[in-house]
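Content type compact mmCIF, C-alpha atoms, from the file data01.txt:
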```
# COMPACT_ATOMS: atom_id res chain seq x y z
CA MET A 52 169.59 136.86 149.00
CA ILE A 53 167.86 139.60 151.00
CA LYS A 54 164.38 140.73 149.94
CA ILE A 55 164.08 144.47 150.44
CA ARG A 56 161.50 147.20 149.95
CA GLN A 57 162.58 150.37 148.15
CA LYS A 58 160.60 153.42 149.22
CA PHE A 59 159.61 156.08 146.67
CA PRO A 60 157.14 159.02 146.62
CA ASP A 61 153.72 157.51 145.90
CA GLY A 62 151.42 160.40 144.99
CA HIS A 63 149.01 159.30 142.26
CA ILE A 64 145.57 159.80 140.70
CA THR A 65 142.77 157.57 141.96
CA ASP A 66 139.94 158.91 139.75
CA ILE A 67 141.04 158.71 136.11
CA ASP A 68 137.61 159.63 134.73
CA GLY A 69 137.46 162.70 136.93
CA ALA A 70 140.99 163.78 136.06
CA VAL A 71 140.36 163.43 132.31
CA ARG A 72 137.05 165.30 132.61
CA GLU A 73 138.76 168.13 134.49
CA GLU A 74 141.62 168.37 132.00
CA MET A 75 139.35 168.39 128.96
CA GLY A 76 137.18 170.97 130.70
CA ARG A 77 140.14 173.37 130.71
CA LEU A 78 140.29 173.34 126.91
CA SER A 79 138.42 175.59 124.50
CA LEU A 80 137.27 172.85 122.16
CA PRO A 81 135.42 173.53 118.89
CA ASP A 82 131.93 172.25 118.11
CA LEU A 83 132.39 168.48 117.94
CA ASN A 84 128.83 167.49 117.09
CA GLY A 85 128.99 164.71 114.48
CA LYS A 86 132.79 164.93 114.17
CA ARG A 87 134.84 161.75 113.87
CA VAL A 88 137.75 161.79 116.32
CA ALA A 89 140.66 159.30 116.32
CA VAL A 90 142.16 158.51 119.73
CA THR A 91 145.62 156.92 119.78
CA ALA A 92 146.44 153.74 121.71
CA GLY A 93 149.99 152.43 121.94
CA SER A 94 151.65 149.10 122.74
CA ARG A 95 153.12 149.80 126.18
CA GLY A 96 151.78 148.53 129.49
CA ILE A 97 150.92 152.01 130.77
CA PRO A 98 148.93 152.07 134.02
CA ASN A 99 145.32 153.21 133.49
CA PHE A 100 145.90 153.74 129.78
CA MET A 101 142.74 151.90 128.77
CA GLU A 102 140.79 153.85 131.40
CA CYS A 103 142.25 157.15 130.16
CA CYS A 104 141.37 156.41 126.52
CA ARG A 105 137.88 155.29 127.51
CA ALA A 106 137.36 158.45 129.57
CA ILE A 107 138.46 160.59 126.61
CA GLY A 108 135.95 158.76 124.42
CA ARG A 109 133.16 159.30 126.93
CA GLU A 110 133.89 163.03 127.14
CA LEU A 111 134.05 163.32 123.35
CA ARG A 112 130.69 161.57 122.98
CA ALA A 113 129.22 163.88 125.60
CA ARG A 114 130.15 166.71 123.21
CA GLY A 115 128.44 164.99 120.28
CA ALA A 116 131.57 163.51 118.69
CA GLU A 117 132.00 160.04 117.23
CA PRO A 118 135.32 158.79 118.67
CA PHE A 119 137.23 155.68 117.61
CA VAL A 120 140.61 154.20 118.53
CA VAL A 121 143.60 153.71 116.22
CA PRO A 122 146.63 151.58 117.14
CA ALA A 123 149.62 153.93 117.26
CA MET A 124 152.58 151.61 117.66
CA GLY A 125 154.83 151.93 114.62
CA SER A 126 156.01 148.47 113.55
CA HIS A 127 154.88 146.56 116.65
CA GLY A 128 152.41 143.70 116.42
CA GLY A 129 154.47 142.11 113.67
CA GLY A 130 153.87 145.14 111.46
CA THR A 131 150.31 144.04 110.61
CA ALA A 132 146.92 145.61 111.33
CA GLU A 133 145.58 142.40 112.90
CA GLY A 134 148.73 142.00 114.96
CA GLN A 135 148.35 145.52 116.31
CA LYS A 136 144.72 144.88 117.31
CA GLU A 137 145.89 141.72 119.07
CA THR A 138 148.54 143.72 120.89
CA LEU A 139 145.89 146.16 122.14
CA ALA A 140 143.69 143.26 123.24
CA SER A 141 146.56 141.74 125.21
CA LEU A 142 146.79 145.05 127.08
CA GLY A 143 143.08 144.96 127.91
CA MET A 144 142.06 147.35 125.14
CA THR A 145 139.16 145.98 123.11
CA GLU A 146 136.13 147.65 121.55
CA GLU A 147 134.13 146.48 124.57
CA THR A 148 136.49 147.84 127.24
CA LEU A 149 137.24 151.07 125.37
CA GLU A 150 133.59 151.59 124.45
CA MET A 151 134.77 152.67 121.00
CA PRO A 152 135.43 151.01 117.64
CA ILE A 153 139.05 150.12 116.86
CA LEU A 154 140.10 150.88 113.28
CA ALA A 155 143.44 149.28 112.45
CA THR A 156 145.43 149.70 109.26
CA MET A 157 149.06 149.89 108.21
CA ASP A 158 148.19 152.33 105.42
CA THR A 159 149.39 155.89 105.86
CA ALA A 160 149.10 159.34 104.37
CA VAL A 161 152.45 160.98 103.61
CA LEU A 162 152.43 164.48 105.10
CA GLY A 163 155.79 165.69 103.84
CA TYR A 164 159.44 165.65 104.82
CA SER A 165 161.34 167.15 107.72
CA PRO A 166 164.43 169.32 107.09
CA GLU A 167 166.51 166.25 107.94
CA GLY A 168 164.73 164.12 105.34
CA VAL A 169 162.32 162.16 107.53
CA GLU A 170 159.24 161.05 105.58
CA ILE A 171 156.37 161.99 107.89
CA ASN A 172 153.43 159.58 107.82
CA CYS A 173 150.05 159.46 109.52
CA ASP A 174 147.77 156.46 110.04
CA ALA A 175 145.23 156.62 107.19
CA ASN A 176 142.22 156.26 109.52
CA ALA A 177 143.48 159.01 111.82
CA TYR A 178 144.27 161.27 108.87
CA GLY A 179 140.77 160.74 107.47
CA ALA A 180 139.11 161.72 110.74
CA ASP A 181 137.99 165.26 111.54
CA TYR A 182 140.32 165.40 114.55
CA ILE A 183 143.05 163.40 116.30
CA VAL A 184 143.58 163.08 120.06
CA VAL A 185 147.14 162.06 120.84
CA CYS A 186 147.19 160.05 124.06
CA GLY A 187 150.54 158.81 125.38
CA ARG A 188 152.93 158.52 128.29
CA VAL A 189 155.86 160.90 128.63
CA LYS A 190 159.09 159.32 129.89
CA PRO A 191 162.83 159.15 129.17
CA HIS A 192 163.57 157.23 125.99
CA THR A 193 165.55 154.01 125.99
CA ASP A 194 167.80 154.96 123.05
CA PHE A 195 168.62 158.66 123.08
CA ARG A 196 168.75 161.84 125.14
CA GLY A 197 167.33 165.28 124.38
CA PRO A 198 164.76 167.87 125.49
CA ILE A 199 161.98 165.68 124.01
CA GLU A 200 162.25 161.91 124.10
CA SER A 201 159.45 159.36 124.48
CA GLY A 202 155.99 160.87 124.61
CA LEU A 203 153.52 162.88 122.58
CA CYS A 204 155.81 163.77 119.68
CA LYS A 205 157.00 160.18 119.38
CA MET A 206 153.40 158.95 119.44
CA MET A 207 152.68 161.15 116.42
CA ILE A 208 155.79 160.46 114.35
CA VAL A 209 156.59 156.84 115.18
CA GLY A 210 153.30 155.54 116.59
CA LEU A 211 150.90 157.05 114.05
CA GLY A 212 153.60 156.80 111.39
CA LYS A 213 153.06 153.02 111.44
CA HIS A 214 155.80 150.78 110.03
CA ARG A 215 156.64 153.09 107.14
CA GLY A 216 156.94 156.17 109.32
CA ALA A 217 158.83 154.36 112.07
CA VAL A 218 161.41 153.05 109.60
CA SER A 219 161.89 156.46 107.98
CA PHE A 220 162.32 158.22 111.32
CA HIS A 221 164.76 155.69 112.76
CA LYS A 222 166.79 155.30 109.59
CA THR A 223 167.26 159.01 108.89
CA GLY A 224 170.47 160.03 110.63
CA GLY A 225 170.63 157.18 113.13
CA LEU A 226 170.67 158.07 116.82
CA LYS A 227 172.53 161.35 116.41
CA GLY A 228 170.13 164.29 116.56
CA MET A 229 167.11 162.03 117.10
CA SER A 230 165.42 164.43 119.53
CA GLU A 231 165.85 167.31 117.10
CA ARG A 232 164.43 165.23 114.22
CA LEU A 233 161.53 164.24 116.41
CA GLN A 234 160.72 167.89 117.16
CA SER A 235 161.02 169.12 113.57
CA SER A 236 158.90 166.20 112.34
CA ALA A 237 156.26 166.74 115.03
CA LYS A 238 155.99 170.39 114.06
CA ILE A 239 155.10 169.41 110.50
CA PHE A 240 152.71 166.69 111.71
CA ILE A 241 150.81 169.23 113.80
CA GLU A 242 150.69 171.67 110.89
CA LYS A 243 149.41 169.05 108.42
CA THR A 244 146.81 167.32 110.61
CA ASN A 245 143.94 168.34 112.86
CA VAL A 246 145.25 167.45 116.30
CA LEU A 247 142.45 168.37 118.70
CA PHE A 248 144.61 168.04 121.81
CA ALA A 249 147.08 165.66 123.44
CA MET A 250 146.63 163.86 126.76
CA ALA A 251 149.96 163.31 128.47
CA MET A 252 150.38 160.71 131.20
CA ILE A 253 153.21 160.42 133.72
CA ASP A 254 153.91 157.40 135.94
CA ASN A 255 155.19 157.47 139.48
CA ALA A 256 157.83 155.02 140.74
CA TYR A 257 155.18 152.45 141.66
CA HIS A 258 153.80 152.19 138.11
CA GLN A 259 150.78 154.30 139.02
CA THR A 260 149.41 157.35 137.19
CA LYS A 261 151.04 160.40 138.73
CA ARG A 262 149.52 162.94 136.34
CA VAL A 263 147.32 163.37 133.30
CA GLU A 264 147.46 166.67 131.47
CA ALA A 265 145.64 167.93 128.39
CA VAL A 266 147.93 169.89 126.08
CA THR A 267 146.82 172.06 123.16
CA PRO A 268 148.53 171.28 119.83
CA GLN A 269 150.37 174.60 119.78
CA ASP A 270 151.87 173.85 123.20
CA ILE A 271 152.95 170.24 122.66
CA LEU A 272 156.53 171.01 121.63
CA THR A 273 157.14 173.28 124.61
CA ARG A 274 155.10 171.61 127.33
CA GLU A 275 156.47 168.12 126.66
CA ARG A 276 159.94 169.34 127.69
CA ASP A 277 158.75 170.16 131.21
CA LEU A 278 156.71 166.96 131.44
CA LEU A 279 159.81 164.92 130.52
CA LYS A 280 161.77 166.45 133.40
CA GLU A 281 158.95 165.60 135.80
CA ALA A 282 158.71 162.06 134.45
CA ALA A 283 162.46 161.48 134.75
CA ALA A 284 162.48 162.67 138.35
CA ALA A 285 159.55 160.34 139.19
CA MET A 286 161.12 157.15 137.83
CA PRO A 287 162.16 154.39 140.23
CA ARG A 288 165.80 153.48 140.69
CA ILE A 289 167.78 150.45 141.78
CA ALA A 290 169.46 151.45 145.04
CA PHE A 291 172.86 150.05 144.07
CA GLU A 292 175.26 151.15 141.34
CA ASP A 293 177.96 148.50 141.77
CA ILE A 294 176.33 145.29 140.47
CA ASP A 295 178.19 142.24 139.25
CA THR A 296 175.12 140.30 138.10
CA LEU A 297 171.67 141.76 137.48
CA VAL A 298 168.95 139.12 137.27
CA VAL A 299 165.75 140.25 135.53
CA ASP A 300 162.74 137.95 135.95
CA GLN A 301 160.63 139.46 133.16
CA TYR A 302 161.45 141.07 129.81
CA GLY A 303 158.55 142.49 127.80
CA LYS A 304 157.58 145.02 125.13
CA GLU A 305 154.71 146.20 127.32
CA ILE A 306 157.31 146.90 130.02
CA SER A 307 159.70 148.89 127.84
CA GLY A 308 160.49 149.41 124.17
CA ALA A 309 163.80 147.74 124.94
CA GLY A 310 162.11 144.94 126.89
CA MET A 311 163.85 146.12 130.04
CA ASP A 312 164.31 149.86 130.48
CA PRO A 313 167.95 150.97 130.18
CA ASN A 314 167.07 153.93 132.41
CA ILE A 315 166.66 151.30 135.16
CA THR A 316 169.31 148.72 134.26
CA GLY A 317 171.93 151.32 133.36
CA ARG A 318 172.90 149.44 130.20
CA PHE A 319 171.92 151.55 127.22
CA LEU A 320 171.24 150.28 123.71
CA PHE A 321 173.27 153.07 122.13
CA ALA A 322 176.30 152.52 124.41
CA PRO A 323 176.21 149.17 126.25
CA GLU A 324 179.63 149.72 127.88
CA MET A 325 178.87 153.25 129.11
CA LYS A 326 178.86 153.74 132.87
CA ALA A 327 176.59 156.74 133.27
CA PRO A 328 176.73 158.46 136.68
CA GLY A 329 173.63 157.88 138.81
CA TYR A 330 172.76 154.61 137.07
CA PRO A 331 173.55 150.99 137.95
CA HIS A 332 176.62 149.47 136.30
CA PRO A 333 175.87 145.75 135.90
CA ASN A 334 178.76 143.61 134.70
CA LYS A 335 176.45 140.86 133.43
CA ILE A 336 172.67 140.74 132.89
CA ALA A 337 170.66 137.52 133.03
CA VAL A 338 167.03 137.47 131.84
CA LEU A 339 164.68 134.61 132.70
CA ARG A 340 161.29 135.06 130.99
CA LEU A 341 159.66 136.79 128.02
CA THR A 342 156.20 138.10 128.86
CA GLU A 343 153.15 136.73 127.09
CA MET A 344 152.12 140.25 126.07
CA SER A 345 155.32 140.58 124.03
CA HIS A 346 153.94 138.07 121.51
CA GLY A 347 157.48 136.79 120.98
CA ASN A 348 158.93 140.24 120.20
CA ALA A 349 162.30 140.58 121.95
CA ALA A 350 163.78 143.52 120.02
CA GLY A 351 166.50 144.99 122.22
CA LEU A 352 167.51 141.61 123.67
CA GLY A 353 171.08 142.13 122.49
CA ILE A 354 171.91 144.10 125.64
CA ALA A 355 171.46 140.99 127.81
CA ASP A 356 174.26 138.46 128.33
CA PHE A 357 172.38 135.28 129.26
CA ILE A 358 168.80 134.06 128.89
CA CYS A 359 166.95 130.99 130.10
CA ARG A 360 165.82 128.35 127.60
CA LYS A 361 162.19 129.07 128.53
CA PHE A 362 162.78 132.62 127.23
CA ALA A 363 164.36 131.40 124.00
CA GLN A 364 161.46 129.05 123.32
CA GLU A 365 159.02 131.99 123.35
CA LEU A 366 160.96 134.03 120.76
CA ASP A 367 159.19 135.00 117.54
CA LEU A 368 162.09 135.92 115.28
CA GLY A 369 159.80 137.42 112.62
CA ALA A 370 158.23 139.89 115.05
CA THR A 371 161.60 140.58 116.67
CA TYR A 372 163.38 141.28 113.41
CA THR A 373 160.55 143.38 111.95
CA ASN A 374 160.73 145.65 114.99
CA SER A 375 164.54 145.62 115.13
CA LEU A 376 165.07 146.46 111.47
CA SER A 377 163.01 149.63 111.85
CA SER A 378 165.73 150.93 114.19
CA PRO A 379 169.38 151.81 113.47
CA LEU A 380 170.40 149.84 116.59
CA CYS A 381 169.19 146.40 115.42
CA MET A 382 169.85 145.04 118.92
CA ALA A 383 168.29 141.62 118.33
CA LYS A 384 171.36 139.45 118.93
CA ILE A 385 170.50 136.35 120.95
CA PRO A 386 172.54 136.02 124.19
CA MET A 387 173.87 132.73 125.50
CA VAL A 388 170.98 130.34 126.21
CA MET A 389 171.15 128.28 129.40
CA ASN A 390 169.02 125.28 130.34
CA ASN A 391 167.18 126.70 133.37
CA ASP A 392 167.10 129.59 135.84
CA LEU A 393 169.83 128.13 138.05
CA ASP A 394 172.22 127.68 135.12
CA THR A 395 171.39 131.14 133.76
CA ILE A 396 172.06 132.92 137.06
CA TYR A 397 175.16 130.82 137.81
CA ALA A 398 176.62 131.44 134.35
CA ALA A 399 176.16 135.20 134.69
CA ALA A 400 177.71 135.19 138.16
CA SER A 401 180.62 133.02 137.00
CA ALA A 402 181.39 135.39 134.11
CA CYS A 403 181.87 138.45 136.32
CA GLY A 404 185.58 137.95 136.90
CA LYS A 405 185.44 137.24 140.64
CA ALA A 406 187.73 134.44 141.87
CA ASP A 407 185.19 133.38 144.50
CA ILE A 408 181.55 133.33 143.40
CA LYS A 409 180.56 134.19 146.98
CA ASP A 410 182.02 137.66 146.35
CA VAL A 411 179.74 138.30 143.37
CA ARG A 412 177.25 141.09 144.10
CA ILE A 413 173.87 140.02 142.73
CA VAL A 414 170.70 142.08 142.40
CA ARG A 415 167.45 140.52 141.23
CA ILE A 416 164.42 142.48 140.04
CA HIS A 417 161.01 141.30 138.85
CA ASN A 418 161.08 143.71 135.90
CA THR A 419 162.05 147.33 135.26
CA LEU A 420 158.58 148.66 136.13
CA GLU A 421 158.14 147.02 139.52
CA LEU A 422 161.01 148.03 141.78
CA ASP A 423 159.31 148.41 145.14
CA HIS A 424 160.50 144.89 146.05
CA ILE A 425 163.93 143.70 144.89
CA TRP A 426 166.45 141.11 146.07
CA ALA A 427 170.13 141.76 146.83
CA SER A 428 172.87 139.32 147.81
CA GLU A 429 173.94 139.37 151.45
CA ASN A 430 177.19 141.18 150.65
CA TYR A 431 175.05 144.31 150.16
CA LEU A 432 173.96 144.21 153.81
CA PRO A 433 176.15 147.15 154.97
CA GLU A 434 174.71 149.38 152.22
CA ILE A 435 171.16 148.24 152.94
CA SER A 436 171.52 148.94 156.66
CA ALA A 437 172.88 152.43 155.97
CA ASN A 438 170.08 153.44 153.57
CA ALA A 439 166.91 154.75 155.23
CA SER A 440 164.91 154.28 152.01
CA LEU A 441 165.47 150.51 152.14
CA GLU A 442 163.66 148.05 154.40
CA ILE A 443 164.61 144.41 154.85
CA LEU A 444 161.56 142.17 154.36
CA GLU A 445 163.11 138.68 154.33
CA GLY A 446 166.44 136.91 154.55
CA PRO A 447 169.24 136.45 154.01
CA SER A 448 168.17 133.11 152.58
CA GLU A 449 169.16 130.95 149.63
CA MET A 450 167.36 131.22 146.31
CA LYS A 451 164.74 128.48 146.07
CA PHE A 452 164.55 126.37 142.91
CA ASP A 453 162.01 123.73 141.88
CA GLY A 454 162.70 120.22 140.61
CA GLU A 455 163.69 121.59 137.18
CA ASP A 456 166.09 124.14 138.68
CA ASN A 457 163.81 127.08 137.90
CA LEU A 458 163.08 129.72 140.52
CA ALA A 459 160.21 128.56 142.69
CA ASP A 460 158.90 132.09 143.36
CA LEU A 461 158.98 133.31 139.76
CA ASP A 462 155.47 134.30 138.66
```
Show me this structure written as structure tokens.
Amino acid sequence: MIKIRQKFPDGHITDIDGAVREEMGRLSLPDLNGKRVAVTAGSRGIPNFMECCRAIGRELRARGAEPFVVPAMGSHGGGTAEGQKETLASLGMTEETLEMPILATMDTAVLGYSPEGVEINCDANAYGADYIVVCGRVKPHTDFRGPIESGLCKMMIVGLGKHRGAVSFHKTGGLKGMSERLQSSAKIFIEKTNVLFAMAMIDNAYHQTKRVEAVTPQDILTRERDLLKEAAAAMPRIAFEDIDTLVVDQYGKEISGAGMDPNITGRFLFAPEMKAPGYPHPNKIAVLRLTEMSHGNAAGLGIADFICRKFAQELDLGATYTNSLSSPLCMAKIPMVMNNDLDTIYAAASACGKADIKDVRIVRIHNTLELDHIWASENYLPEISANASLEILEGPSEMKFDGEDNLADLD
């Protein structure tokens, strides 16, 4: 394998507090003295998310408000209030770090129904507050395509909708027209609640905060479209499309809703066999570890072909199935389980249809968020040498395994 560096644009924000202060300063906010304001916090591993929420809370308190945090993560955390608080804590978001109380509940207020029949719900604590601040990352969704995908609207409808709202949204109409349902539902949510503003975040390719932007409630449905285009353009990519075996070190719900982002792997939940132009086309995918922050939730695992036994031993089927059954995809099928990393990688390489395993083209990534360093088998050397955005760091050298045949360099 050859260890290589992929080079991407790296512009990012270094002063989150200052950026949040500047963005909120652009808004014409009402008198907030004594007002209770709910700030949303989701279940993804978003860079600087805790810092952004904390900065929002500080600015709200400076205006006399009484802010608090509500978990906005649909059915994650096992679909329980305590589980959702634990999920936030695993992401570094506690009452101490956020400098705000965390009020968790699975109870909701029903706001009405979209034209498509989606029952629109809102977290009871958020609904009972004077105002809501919707804080979330905008990015391409793992399951569908449209002018609005994963971001502010989804945080309102699925995140603040809790388990009941998430199930209703995902079950109404399946994947077809999901972006349209999201927009029509978000319009009603904004009309029926007191959204003070939304704070959108965009990552760069190095999992850093590229932008934060405060958006007024009346502009959310239009501005999120432009933010999605910017976010899609800023995402990292694997440099190679033709991949026989893709090895993924880490799978995690804090990494992606699908555990590993299909926008990176090129294997989409809604069409696993699709070979979309501009994306990798892995023949087989092998996954080695489930992250601790996933709390056993591996919803979306069905798009992998092989997993290591260490992964399987960390599975919490209850959490996985609760999350999976809220979606029309239900991609919770368990792939073939191999004894160790060596067996897992070898099995995936052997299943690619190449007569000689030395001809198998293998790419290994740490996870779908961290793509600055990746590994590629030596038969990629001509492509690596011809690509100015790639730099060889080490190798070619053989993969190194420990005494139990697990990768020695796997964190």
Next on the checklist: Can you tell me which residues surround A:Ala283 at a distance of at most 12 Å, considering all atoms listed in the file, apart from same-chain residues fewer than 5 positions away, and format the answer as a PyMOL selection string?
Outcome noted: chain A and resi 188-193+196+198-201+253-256+276-278+288+314-315
Item to check | Among listed residues A:Ile183, A:Gly125, A:Ile239, A:Ala399, nearest A:His221 (using only C-alpha atoms) | outcome: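 Under the stated criterion, the closest residue is A:Gly125.
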Please build the interface table for stretch 251-346 of chain A against stretch 138-148 of chain A with a cut-off of 10 Å, listing for each qualifying residue the nearest atom pair and the distance in Å to one decimal; count all atoms listed in the file, order rows by chain and increasing number, and write it as a tab-separated table.
```
residue	atom	partner	partner_atom	distance
A:Glu305	CA	A:Leu142	CA	8.0
A:Glu343	CA	A:Ser141	CA	8.5
A:Met344	CA	A:Ser141	CA	5.8
A:Ser345	CA	A:Thr138	CA	8.1
A:His346	CA	A:Thr138	CA	7.8
```
Checklist outcome for this item: note - atom CA of A:Met250 and atom CA of A:Gly202 are separated by 10.1 Å
Checklist outcome for this item: Min atom-atom distance to A:Ser401 from the set A:Lys227, A:Lys280, A:Lys54, A:Lys335, counting only C-alpha atoms, belongs to A:Lys335
Checklist entry - So which one's closest to A:Asp456, A:Tyr431, A:Phe119, A:Tyr397, A:Trp426? Using only C-alpha atoms, please. => result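 Under the stated criterion, the closest residue is A:Tyr397.
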Next on the checklist: Here is a test: counting all atoms listed in the file, which residue of A:Asn457, A:Ser440, A:Thr296, A:Thr260 is nearest to A:Glu102?
Outcome noted: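 Among A:Asn457, A:Ser440, A:Thr296, A:Thr260, it is A:Thr260 that comes nearest to A:Glu102.
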Item to check | 9 Å contact set for stretch 379-393 of chain A, only C-alpha atoms, chain neighbours under 4 positions out, as a ChimeraX atom specification | outcome: /A:194,218,221-226,309,320-321,338-339,349-363,368,371-372,374-375,397-398,452,455-458
Item to check | Å distance separating atom CA of A:Gly210 from atom CA of A:Gly179, one decimal place | outcome: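 Those two atoms sit 16.3 Å apart.
Distances from A:Asn438, A:Ser448, A:Asn99, A:Thr131 to A:Cys186 were compared using only C-alpha atoms, and the smallest one belongs to A:Asn99.
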Quick one: 4 Å padding each side, axis-aligned, all listed atoms of stretch 298-314 of chain A - centre and edge lengths in Å to one decimal, as JSON?
```
{"center_x": 161.8, "center_y": 145.9, "center_z": 130.7, "size_x": 22.2, "size_y": 24.0, "size_z": 21.1}
```
Checklist outcome for this item: A:Val169 proximity check over A:Gly134, A:Gly216, A:Pro122, A:Pro81, using only C-alpha atoms: winner is A:Gly216
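Our summary of the geometry notes that atom CA of A:Ala92 is positioned 25.6 Å from atom CA of A:Arg340.
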